[in-house]
file target.txt (compact mmCIF, all heavy atoms)
# COMPACT_ATOMS: atom_id res chain seq x y z
N MET T 1 -12.82 14.52 -32.74
CA MET T 1 -12.08 14.94 -31.56
C MET T 1 -12.13 13.85 -30.50
O MET T 1 -11.47 12.84 -30.62
CB MET T 1 -12.68 16.24 -31.01
CG MET T 1 -12.45 17.41 -31.98
SD MET T 1 -13.03 18.98 -31.41
CE MET T 1 -12.16 19.21 -29.89
N GLY T 2 -12.95 13.99 -29.49
CA GLY T 2 -12.96 13.02 -28.39
C GLY T 2 -13.57 11.70 -28.81
O GLY T 2 -14.57 11.66 -29.51
N VAL T 3 -12.95 10.62 -28.37
CA VAL T 3 -13.48 9.29 -28.68
C VAL T 3 -13.72 8.48 -27.41
O VAL T 3 -14.10 7.34 -27.47
CB VAL T 3 -12.51 8.50 -29.59
CG1 VAL T 3 -12.46 9.13 -30.97
CG2 VAL T 3 -11.14 8.43 -28.96
N SER T 4 -13.50 9.12 -26.28
CA SER T 4 -13.63 8.40 -25.02
C SER T 4 -15.05 8.47 -24.50
O SER T 4 -15.35 9.13 -23.53
CB SER T 4 -12.66 8.96 -23.98
OG SER T 4 -12.85 10.36 -23.88
N LEU T 5 -15.95 7.77 -25.20
CA LEU T 5 -17.34 7.78 -24.78
C LEU T 5 -17.60 6.82 -23.62
O LEU T 5 -18.65 6.85 -23.03
CB LEU T 5 -18.24 7.40 -25.96
CG LEU T 5 -18.21 8.40 -27.12
CD1 LEU T 5 -19.07 7.88 -28.26
CD2 LEU T 5 -18.73 9.75 -26.65
N MET T 6 -16.62 5.97 -23.36
CA MET T 6 -16.82 4.99 -22.29
C MET T 6 -16.36 5.51 -20.94
O MET T 6 -16.46 4.82 -19.95
CB MET T 6 -16.05 3.71 -22.62
CG MET T 6 -16.68 2.98 -23.80
SD MET T 6 -15.89 1.40 -24.09
CE MET T 6 -14.23 1.92 -24.49
N THR T 7 -15.87 6.71 -20.93
CA THR T 7 -15.43 7.27 -19.66
C THR T 7 -16.61 7.53 -18.75
O THR T 7 -17.62 8.08 -19.17
CB THR T 7 -14.68 8.60 -19.88
OG1 THR T 7 -14.09 8.59 -21.16
CG2 THR T 7 -13.60 8.76 -18.85
N ARG T 8 -16.48 7.13 -17.51
CA ARG T 8 -17.60 7.29 -16.58
C ARG T 8 -17.28 8.34 -15.53
O ARG T 8 -17.39 8.10 -14.35
CB ARG T 8 -17.93 5.97 -15.92
CG ARG T 8 -18.41 4.92 -16.89
CD ARG T 8 -18.91 3.70 -16.14
NE ARG T 8 -19.99 4.05 -15.24
CZ ARG T 8 -20.50 3.21 -14.35
NH1 ARG T 8 -20.00 2.02 -14.22
NH2 ARG T 8 -21.47 3.57 -13.55
N THR T 9 -16.89 9.47 -15.98
CA THR T 9 -16.61 10.54 -15.03
C THR T 9 -17.90 11.26 -14.66
O THR T 9 -18.75 11.50 -15.51
CB THR T 9 -15.61 11.55 -15.63
OG1 THR T 9 -16.10 11.96 -16.90
CG2 THR T 9 -14.24 10.93 -15.78
N ASP T 10 -18.02 11.58 -13.42
CA ASP T 10 -19.22 12.28 -12.96
C ASP T 10 -18.82 13.57 -12.27
O ASP T 10 -18.39 13.57 -11.13
CB ASP T 10 -20.00 11.39 -12.00
CG ASP T 10 -21.33 12.05 -11.60
OD1 ASP T 10 -21.61 13.16 -12.08
OD2 ASP T 10 -22.06 11.48 -10.81
N PRO T 11 -18.92 14.70 -12.97
CA PRO T 11 -18.49 15.99 -12.41
C PRO T 11 -19.38 16.48 -11.29
O PRO T 11 -19.06 17.43 -10.60
CB PRO T 11 -18.56 16.93 -13.61
CG PRO T 11 -19.58 16.32 -14.52
CD PRO T 11 -19.45 14.82 -14.32
N TYR T 12 -20.54 15.80 -11.13
CA TYR T 12 -21.47 16.27 -10.12
C TYR T 12 -21.33 15.53 -8.79
O TYR T 12 -22.01 15.81 -7.83
CB TYR T 12 -22.91 16.12 -10.62
CG TYR T 12 -23.18 16.98 -11.81
CD1 TYR T 12 -23.20 16.43 -13.09
CD2 TYR T 12 -23.39 18.35 -11.68
CE1 TYR T 12 -23.44 17.21 -14.21
CE2 TYR T 12 -23.62 19.14 -12.77
CZ TYR T 12 -23.65 18.57 -14.04
OH TYR T 12 -23.87 19.35 -15.14
N THR T 13 -20.43 14.54 -8.77
CA THR T 13 -20.25 13.80 -7.53
C THR T 13 -19.40 14.58 -6.54
O THR T 13 -18.22 14.83 -6.79
CB THR T 13 -19.54 12.46 -7.82
OG1 THR T 13 -20.33 11.72 -8.73
CG2 THR T 13 -19.37 11.68 -6.53
N PRO T 14 -20.00 14.99 -5.45
CA PRO T 14 -19.26 15.76 -4.44
C PRO T 14 -18.39 14.86 -3.58
O PRO T 14 -18.78 13.75 -3.25
CB PRO T 14 -20.37 16.39 -3.60
CG PRO T 14 -21.49 15.41 -3.70
CD PRO T 14 -21.39 14.78 -5.08
N ARG T 15 -17.23 15.36 -3.24
CA ARG T 15 -16.37 14.58 -2.35
C ARG T 15 -16.68 14.96 -0.90
O ARG T 15 -15.88 15.51 -0.19
CB ARG T 15 -14.90 14.86 -2.66
CG ARG T 15 -14.47 14.28 -3.99
CD ARG T 15 -12.99 14.42 -4.21
NE ARG T 15 -12.57 13.75 -5.43
CZ ARG T 15 -12.28 12.45 -5.50
NH1 ARG T 15 -12.37 11.71 -4.42
NH2 ARG T 15 -11.89 11.91 -6.62
N GLU T 16 -17.87 14.64 -0.52
CA GLU T 16 -18.28 14.94 0.85
C GLU T 16 -18.75 13.65 1.51
O GLU T 16 -19.12 12.70 0.85
CB GLU T 16 -19.43 15.96 0.84
CG GLU T 16 -19.01 17.29 0.21
CD GLU T 16 -20.20 18.23 0.15
OE1 GLU T 16 -21.30 17.82 0.57
OE2 GLU T 16 -20.03 19.36 -0.31
N ARG T 17 -18.77 13.71 2.81
CA ARG T 17 -19.24 12.54 3.54
C ARG T 17 -20.75 12.46 3.43
O ARG T 17 -21.45 13.42 3.70
CB ARG T 17 -18.80 12.63 5.00
CG ARG T 17 -17.32 12.66 5.15
CD ARG T 17 -16.96 12.80 6.60
NE ARG T 17 -17.27 11.59 7.35
CZ ARG T 17 -16.45 10.55 7.45
NH1 ARG T 17 -15.29 10.59 6.87
NH2 ARG T 17 -16.78 9.49 8.13
N ARG T 18 -21.22 11.29 3.06
CA ARG T 18 -22.66 11.10 2.94
C ARG T 18 -23.14 10.11 3.99
O ARG T 18 -22.40 9.24 4.41
CB ARG T 18 -22.99 10.58 1.53
CG ARG T 18 -22.67 11.58 0.46
CD ARG T 18 -23.09 11.06 -0.87
NE ARG T 18 -22.43 9.79 -1.20
CZ ARG T 18 -22.65 9.09 -2.29
NH1 ARG T 18 -23.52 9.52 -3.16
NH2 ARG T 18 -22.01 7.98 -2.53
N PRO T 19 -24.39 10.26 4.37
CA PRO T 19 -24.92 9.38 5.42
C PRO T 19 -25.30 8.00 4.87
O PRO T 19 -25.82 7.89 3.77
CB PRO T 19 -26.17 10.13 5.89
CG PRO T 19 -26.62 10.91 4.71
CD PRO T 19 -25.35 11.28 3.96
N TYR T 20 -25.01 6.99 5.68
CA TYR T 20 -25.42 5.63 5.35
C TYR T 20 -26.18 5.06 6.53
O TYR T 20 -25.88 5.37 7.68
CB TYR T 20 -24.18 4.77 5.06
CG TYR T 20 -23.52 5.11 3.76
CD1 TYR T 20 -22.65 6.19 3.66
CD2 TYR T 20 -23.75 4.33 2.62
CE1 TYR T 20 -22.03 6.50 2.47
CE2 TYR T 20 -23.14 4.63 1.42
CZ TYR T 20 -22.28 5.72 1.35
OH TYR T 20 -21.66 6.02 0.17
N GLU T 21 -27.14 4.21 6.23
CA GLU T 21 -27.93 3.62 7.29
C GLU T 21 -28.09 2.12 7.07
O GLU T 21 -28.31 1.67 5.95
CB GLU T 21 -29.31 4.28 7.35
CG GLU T 21 -30.16 3.73 8.49
CD GLU T 21 -31.53 4.37 8.51
OE1 GLU T 21 -32.28 4.19 7.53
OE2 GLU T 21 -31.85 5.07 9.47
N CYS T 22 -28.01 1.38 8.16
CA CYS T 22 -28.26 -0.04 8.10
C CYS T 22 -29.76 -0.28 8.07
O CYS T 22 -30.46 0.12 8.99
CB CYS T 22 -27.63 -0.73 9.31
SG CYS T 22 -28.03 -2.49 9.38
N PRO T 23 -30.27 -0.93 7.02
CA PRO T 23 -31.72 -1.17 6.91
C PRO T 23 -32.21 -2.21 7.89
O PRO T 23 -33.42 -2.39 8.05
CB PRO T 23 -31.88 -1.65 5.46
CG PRO T 23 -30.56 -2.23 5.10
CD PRO T 23 -29.52 -1.45 5.87
N ARG T 24 -31.30 -2.87 8.55
CA ARG T 24 -31.71 -3.96 9.45
C ARG T 24 -31.82 -3.50 10.90
O ARG T 24 -32.81 -3.75 11.57
CB ARG T 24 -30.71 -5.10 9.34
CG ARG T 24 -31.12 -6.32 10.14
CD ARG T 24 -30.17 -7.46 9.88
NE ARG T 24 -30.58 -8.66 10.60
CZ ARG T 24 -29.97 -9.82 10.50
NH1 ARG T 24 -28.92 -9.96 9.71
NH2 ARG T 24 -30.38 -10.86 11.18
N CYS T 25 -30.77 -2.80 11.38
CA CYS T 25 -30.79 -2.43 12.79
C CYS T 25 -30.83 -0.91 13.00
O CYS T 25 -30.98 -0.44 14.11
CB CYS T 25 -29.58 -3.02 13.50
SG CYS T 25 -28.01 -2.26 13.05
N GLY T 26 -30.70 -0.16 11.90
CA GLY T 26 -30.83 1.28 12.02
C GLY T 26 -29.54 1.99 12.34
O GLY T 26 -29.54 3.21 12.58
N TYR T 27 -28.42 1.27 12.36
CA TYR T 27 -27.13 1.90 12.60
C TYR T 27 -26.84 2.94 11.53
O TYR T 27 -27.09 2.72 10.35
CB TYR T 27 -26.03 0.84 12.61
CG TYR T 27 -24.63 1.41 12.61
CD1 TYR T 27 -24.02 1.79 13.81
CD2 TYR T 27 -23.93 1.57 11.42
CE1 TYR T 27 -22.74 2.31 13.81
CE2 TYR T 27 -22.65 2.10 11.41
CZ TYR T 27 -22.06 2.46 12.61
OH TYR T 27 -20.79 2.97 12.61
N ARG T 28 -26.34 4.09 11.96
CA ARG T 28 -26.04 5.15 11.00
C ARG T 28 -24.59 5.58 11.09
O ARG T 28 -24.01 5.62 12.17
CB ARG T 28 -26.94 6.37 11.23
CG ARG T 28 -28.37 6.14 10.75
CD ARG T 28 -29.09 7.47 10.65
NE ARG T 28 -30.46 7.30 10.14
CZ ARG T 28 -31.24 8.32 9.79
NH1 ARG T 28 -30.81 9.55 9.93
NH2 ARG T 28 -32.45 8.09 9.31
N THR T 29 -24.04 5.95 9.93
CA THR T 29 -22.68 6.46 9.89
C THR T 29 -22.54 7.33 8.65
O THR T 29 -23.46 7.46 7.85
CB THR T 29 -21.66 5.32 9.86
OG1 THR T 29 -20.34 5.86 9.94
CG2 THR T 29 -21.76 4.53 8.56
N THR T 30 -21.37 7.94 8.50
CA THR T 30 -21.12 8.72 7.30
C THR T 30 -19.81 8.27 6.67
O THR T 30 -18.89 7.86 7.36
CB THR T 30 -21.03 10.22 7.60
OG1 THR T 30 -20.05 10.43 8.62
CG2 THR T 30 -22.37 10.76 8.08
N ALA T 31 -19.75 8.34 5.35
CA ALA T 31 -18.54 7.96 4.64
C ALA T 31 -18.45 8.75 3.35
O ALA T 31 -19.46 9.15 2.79
CB ALA T 31 -18.54 6.47 4.36
N ALA T 32 -17.22 8.96 2.90
CA ALA T 32 -17.03 9.76 1.70
C ALA T 32 -17.14 8.91 0.45
O ALA T 32 -17.48 9.39 -0.62
CB ALA T 32 -15.69 10.46 1.75
N ASP T 33 -16.83 7.64 0.56
CA ASP T 33 -16.82 6.78 -0.63
C ASP T 33 -17.20 5.35 -0.27
O ASP T 33 -16.37 4.46 -0.28
CB ASP T 33 -15.45 6.84 -1.28
CG ASP T 33 -15.46 6.13 -2.63
OD1 ASP T 33 -16.54 5.99 -3.22
OD2 ASP T 33 -14.39 5.71 -3.07
N GLY T 34 -18.44 5.17 0.11
CA GLY T 34 -18.89 3.83 0.44
C GLY T 34 -18.68 3.51 1.90
O GLY T 34 -17.63 3.79 2.46
N ALA T 35 -19.68 2.96 2.55
CA ALA T 35 -19.59 2.70 3.97
C ALA T 35 -19.38 1.22 4.27
O ALA T 35 -19.04 0.86 5.37
CB ALA T 35 -20.86 3.19 4.67
N GLY T 36 -19.58 0.36 3.26
CA GLY T 36 -19.37 -1.06 3.48
C GLY T 36 -20.52 -1.70 4.24
O GLY T 36 -21.67 -1.48 3.93
N SER T 37 -20.16 -2.45 5.27
CA SER T 37 -21.17 -3.20 6.02
C SER T 37 -21.34 -2.66 7.43
O SER T 37 -20.45 -2.02 7.98
CB SER T 37 -20.79 -4.68 6.07
OG SER T 37 -20.68 -5.20 4.77
N CYS T 38 -22.49 -2.95 8.00
CA CYS T 38 -22.79 -2.53 9.36
C CYS T 38 -21.87 -3.25 10.35
O CYS T 38 -21.73 -4.46 10.29
CB CYS T 38 -24.25 -2.86 9.65
SG CYS T 38 -24.72 -2.53 11.36
N PRO T 39 -21.25 -2.53 11.27
CA PRO T 39 -20.36 -3.14 12.25
C PRO T 39 -21.11 -3.96 13.29
O PRO T 39 -20.51 -4.75 14.01
CB PRO T 39 -19.66 -1.93 12.89
CG PRO T 39 -20.62 -0.81 12.71
CD PRO T 39 -21.32 -1.07 11.40
N ASP T 40 -22.41 -3.76 13.36
CA ASP T 40 -23.19 -4.48 14.36
C ASP T 40 -23.73 -5.80 13.83
O ASP T 40 -23.63 -6.84 14.47
CB ASP T 40 -24.36 -3.60 14.84
CG ASP T 40 -23.88 -2.45 15.70
OD1 ASP T 40 -22.75 -2.55 16.23
OD2 ASP T 40 -24.61 -1.47 15.84
N CYS T 41 -24.34 -5.77 12.64
CA CYS T 41 -25.00 -6.97 12.14
C CYS T 41 -24.45 -7.42 10.79
O CYS T 41 -24.82 -8.48 10.30
CB CYS T 41 -26.51 -6.74 12.07
SG CYS T 41 -27.01 -5.53 10.84
N GLY T 42 -23.59 -6.62 10.17
CA GLY T 42 -22.95 -7.05 8.93
C GLY T 42 -23.77 -6.81 7.69
O GLY T 42 -23.37 -7.16 6.59
N THR T 43 -24.93 -6.18 7.83
CA THR T 43 -25.76 -5.87 6.67
C THR T 43 -25.15 -4.74 5.86
O THR T 43 -24.56 -3.82 6.42
CB THR T 43 -27.18 -5.47 7.12
OG1 THR T 43 -27.72 -6.51 7.93
CG2 THR T 43 -28.09 -5.23 5.93
N HIS T 44 -25.28 -4.82 4.54
CA HIS T 44 -24.74 -3.77 3.69
C HIS T 44 -25.47 -2.46 3.96
O HIS T 44 -26.70 -2.40 3.89
CB HIS T 44 -24.91 -4.16 2.22
CG HIS T 44 -24.32 -3.14 1.28
ND1 HIS T 44 -22.96 -2.98 1.11
CD2 HIS T 44 -24.90 -2.22 0.48
CE1 HIS T 44 -22.75 -2.02 0.23
NE2 HIS T 44 -23.91 -1.53 -0.17
N LEU T 45 -24.71 -1.42 4.26
CA LEU T 45 -25.31 -0.13 4.59
C LEU T 45 -25.91 0.53 3.36
O LEU T 45 -25.34 0.49 2.28
CB LEU T 45 -24.24 0.79 5.20
CG LEU T 45 -23.70 0.30 6.54
CD1 LEU T 45 -22.53 1.16 6.97
CD2 LEU T 45 -24.77 0.29 7.61
N ALA T 46 -27.06 1.14 3.53
CA ALA T 46 -27.75 1.79 2.44
C ALA T 46 -27.37 3.26 2.37
O ALA T 46 -27.28 3.94 3.40
CB ALA T 46 -29.26 1.66 2.62
N ASP T 47 -27.15 3.74 1.15
CA ASP T 47 -26.79 5.14 0.96
C ASP T 47 -28.04 6.01 1.08
O ASP T 47 -29.00 5.85 0.34
CB ASP T 47 -26.18 5.30 -0.43
CG ASP T 47 -25.64 6.70 -0.65
OD1 ASP T 47 -25.89 7.58 0.20
OD2 ASP T 47 -24.98 6.91 -1.67
N LEU T 48 -28.03 6.90 2.03
CA LEU T 48 -29.19 7.76 2.23
C LEU T 48 -29.19 8.96 1.31
O LEU T 48 -30.14 9.71 1.24
CB LEU T 48 -29.25 8.24 3.69
CG LEU T 48 -29.50 7.13 4.72
CD1 LEU T 48 -29.59 7.74 6.10
CD2 LEU T 48 -30.74 6.35 4.40
N GLY T 49 -28.05 9.16 0.61
CA GLY T 49 -27.98 10.26 -0.34
C GLY T 49 -27.76 11.59 0.32
O GLY T 49 -26.78 11.79 1.01
N VAL T 50 -28.68 12.51 0.10
CA VAL T 50 -28.54 13.86 0.63
C VAL T 50 -28.70 13.88 2.15
O VAL T 50 -29.67 13.33 2.65
CB VAL T 50 -29.56 14.80 -0.01
CG1 VAL T 50 -29.38 16.22 0.48
CG2 VAL T 50 -29.45 14.74 -1.52
N PRO T 51 -27.76 14.48 2.84
CA PRO T 51 -27.88 14.58 4.30
C PRO T 51 -29.12 15.35 4.71
O PRO T 51 -29.46 16.36 4.09
CB PRO T 51 -26.61 15.31 4.71
CG PRO T 51 -25.68 15.17 3.56
CD PRO T 51 -26.55 15.08 2.34
N ARG T 52 -29.76 14.86 5.75
CA ARG T 52 -30.94 15.56 6.25
C ARG T 52 -30.62 16.24 7.57
O ARG T 52 -29.79 15.79 8.33
CB ARG T 52 -32.09 14.57 6.44
CG ARG T 52 -32.54 13.97 5.14
CD ARG T 52 -33.70 13.05 5.38
NE ARG T 52 -33.34 11.94 6.27
CZ ARG T 52 -34.17 10.99 6.65
NH1 ARG T 52 -35.41 11.01 6.21
NH2 ARG T 52 -33.79 10.03 7.44
N GLU T 53 -31.35 17.29 7.83
CA GLU T 53 -31.11 18.00 9.07
C GLU T 53 -32.19 17.69 10.10
O GLU T 53 -33.30 17.37 9.72
CB GLU T 53 -31.08 19.50 8.79
CG GLU T 53 -29.90 19.88 7.89
CD GLU T 53 -29.89 21.40 7.71
OE1 GLU T 53 -30.46 22.13 8.53
OE2 GLU T 53 -29.29 21.86 6.73
ZN ZN V 101 -26.94 -3.29 11.26

call {"tool": "encode", "arguments": {"input": "target.txt", "output": "structure tokens", "more": "lines below"}}
Ligand SMILES: [Zn+2]
result
Amino acid sequence: MGVSLMTRTDPYTPRERRPYECPRCGYRTTAADGAGSCPDCGTHLADLGVPRE
């Protein structure tokens, strides 16, 4: 039947905004699909994963 073993679909990935933090200056933001770089210092933002309260 199925032969598409190379498919990288992830049914558990939520389409929600996740928090990102700059490991250098502490800048925080949220993004749904990657936050890119810090607007202050240009460091790649780290994915914090599950939002904390
Ligand atoms: Zn920064």

call {"tool": "closest_residue", "arguments": {"input": "target.txt", "among": "T:Thr43, T:Pro11, T:Tyr20, T:Gly34", "to": "ligand ZN 101 (chain V)", "atoms": "all heavy atoms"}}
result
T:Thr43

call {"tool": "closest_atom_pairs", "arguments": {"input": "target.txt", "of": "chain T", "to": "ligand ZN 101 (chain V)", "cutoff": "7 Å", "atoms": "only C-alpha atoms and all ligand atoms", "output": "Markdown table"}}
result
| residue | atom | partner | partner_atom | distance |
| --- | --- | --- | --- | --- |
| T:Cys22 | CA | V:ZN101 | ZN | 4.7 |
| T:Pro23 | CA | V:ZN101 | ZN | 6.8 |
| T:Arg24 | CA | V:ZN101 | ZN | 5.1 |
| T:Cys25 | CA | V:ZN101 | ZN | 4.2 |
| T:Gly26 | CA | V:ZN101 | ZN | 6.0 |
| T:Tyr27 | CA | V:ZN101 | ZN | 5.4 |
| T:Cys38 | CA | V:ZN101 | ZN | 4.6 |
| T:Pro39 | CA | V:ZN101 | ZN | 6.7 |
| T:Asp40 | CA | V:ZN101 | ZN | 5.0 |
| T:Cys41 | CA | V:ZN101 | ZN | 4.3 |
| T:Gly42 | CA | V:ZN101 | ZN | 6.0 |
| T:Thr43 | CA | V:ZN101 | ZN | 5.4 |

call {"tool": "residues_around", "arguments": {"input": "target.txt", "residues": "Thr30 in chain T", "least_positions_apart": "2", "cutoff": "5 Å", "atoms": "all heavy atoms", "output": "PDB file with all heavy atoms, in the coordinates of the input"}}
result
ATOM      1  N   ARG T  17     -18.770  13.710   2.810  1.00  0.00           N
ATOM      2  CA  ARG T  17     -19.240  12.540   3.540  1.00  0.00           C
ATOM      3  C   ARG T  17     -20.750  12.460   3.430  1.00  0.00           C
ATOM      4  O   ARG T  17     -21.450  13.420   3.700  1.00  0.00           O
ATOM      5  CB  ARG T  17     -18.800  12.630   5.000  1.00  0.00           C
ATOM      6  CG  ARG T  17     -17.320  12.660   5.150  1.00  0.00           C
ATOM      7  CD  ARG T  17     -16.960  12.800   6.600  1.00  0.00           C
ATOM      8  NE  ARG T  17     -17.270  11.590   7.350  1.00  0.00           N
ATOM      9  CZ  ARG T  17     -16.450  10.550   7.450  1.00  0.00           C
ATOM     10  NH1 ARG T  17     -15.290  10.590   6.870  1.00  0.00           N
ATOM     11  NH2 ARG T  17     -16.780   9.490   8.130  1.00  0.00           N
ATOM     12  N   ARG T  18     -21.220  11.290   3.060  1.00  0.00           N
ATOM     13  CA  ARG T  18     -22.660  11.100   2.940  1.00  0.00           C
ATOM     14  C   ARG T  18     -23.140  10.110   3.990  1.00  0.00           C
ATOM     15  O   ARG T  18     -22.400   9.240   4.410  1.00  0.00           O
ATOM     16  CB  ARG T  18     -22.990  10.580   1.530  1.00  0.00           C
ATOM     17  CG  ARG T  18     -22.670  11.580   0.460  1.00  0.00           C
ATOM     18  CD  ARG T  18     -23.090  11.060  -0.870  1.00  0.00           C
ATOM     19  NE  ARG T  18     -22.430   9.790  -1.200  1.00  0.00           N
ATOM     20  CZ  ARG T  18     -22.650   9.090  -2.290  1.00  0.00           C
ATOM     21  NH1 ARG T  18     -23.520   9.520  -3.160  1.00  0.00           N
ATOM     22  NH2 ARG T  18     -22.010   7.980  -2.530  1.00  0.00           N
ATOM     23  N   PRO T  19     -24.390  10.260   4.370  1.00  0.00           N
ATOM     24  CA  PRO T  19     -24.920   9.380   5.420  1.00  0.00           C
ATOM     25  C   PRO T  19     -25.300   8.000   4.870  1.00  0.00           C
ATOM     26  O   PRO T  19     -25.820   7.890   3.770  1.00  0.00           O
ATOM     27  CB  PRO T  19     -26.170  10.130   5.890  1.00  0.00           C
ATOM     28  CG  PRO T  19     -26.620  10.910   4.710  1.00  0.00           C
ATOM     29  CD  PRO T  19     -25.350  11.280   3.960  1.00  0.00           C
ATOM     30  N   TYR T  20     -25.010   6.990   5.680  1.00  0.00           N
ATOM     31  CA  TYR T  20     -25.420   5.630   5.350  1.00  0.00           C
ATOM     32  C   TYR T  20     -26.180   5.060   6.530  1.00  0.00           C
ATOM     33  O   TYR T  20     -25.880   5.370   7.680  1.00  0.00           O
ATOM     34  CB  TYR T  20     -24.180   4.770   5.060  1.00  0.00           C
ATOM     35  CG  TYR T  20     -23.520   5.110   3.760  1.00  0.00           C
ATOM     36  CD1 TYR T  20     -22.650   6.190   3.660  1.00  0.00           C
ATOM     37  CD2 TYR T  20     -23.750   4.330   2.620  1.00  0.00           C
ATOM     38  CE1 TYR T  20     -22.030   6.500   2.470  1.00  0.00           C
ATOM     39  CE2 TYR T  20     -23.140   4.630   1.420  1.00  0.00           C
ATOM     40  CZ  TYR T  20     -22.280   5.720   1.350  1.00  0.00           C
ATOM     41  OH  TYR T  20     -21.660   6.020   0.170  1.00  0.00           O
ATOM     42  N   ARG T  28     -26.340   4.090  11.960  1.00  0.00           N
ATOM     43  CA  ARG T  28     -26.040   5.150  11.000  1.00  0.00           C
ATOM     44  C   ARG T  28     -24.590   5.580  11.090  1.00  0.00           C
ATOM     45  O   ARG T  28     -24.010   5.620  12.170  1.00  0.00           O
ATOM     46  CB  ARG T  28     -26.940   6.370  11.230  1.00  0.00           C
ATOM     47  CG  ARG T  28     -28.370   6.140  10.750  1.00  0.00           C
ATOM     48  CD  ARG T  28     -29.090   7.470  10.650  1.00  0.00           C
ATOM     49  NE  ARG T  28     -30.460   7.300  10.140  1.00  0.00           N
ATOM     50  CZ  ARG T  28     -31.240   8.320   9.790  1.00  0.00           C
ATOM     51  NH1 ARG T  28     -30.810   9.550   9.930  1.00  0.00           N
ATOM     52  NH2 ARG T  28     -32.450   8.090   9.310  1.00  0.00           N
ATOM     53  N   ALA T  32     -17.220   8.960   2.900  1.00  0.00           N
ATOM     54  CA  ALA T  32     -17.030   9.760   1.700  1.00  0.00           C
ATOM     55  C   ALA T  32     -17.140   8.910   0.450  1.00  0.00           C
ATOM     56  O   ALA T  32     -17.480   9.390  -0.620  1.00  0.00           O
ATOM     57  CB  ALA T  32     -15.690  10.460   1.750  1.00  0.00           C
TER      58      ALA T  32
END

call {"tool": "atom_distance", "arguments": {"input": "target.txt", "atom1": "atom O of Glu16 in chain T", "atom2": "ND1 of His44 in chain T"}}
result
16.1 Å

call {"tool": "select_by_dssp", "arguments": {"input": "target.txt", "residues": "range 17-51 of chain T", "states": "strand (DSSP E)", "output": "MDAnalysis selection string"}}
result
chainID T and resid 18:21 28:31 46:47

call {"tool": "atom_distance", "arguments": {"input": "target.txt", "atom1": "NE of Arg8 in chain T", "atom2": "OE2 of Glu21 in chain T"}}
result
27.4 Å

call {"tool": "atom_distance", "arguments": {"input": "target.txt", "atom1": "atom N of Leu45 in chain T", "atom2": "OD1 of Asp33 in chain T"}}
result
13.3 Å
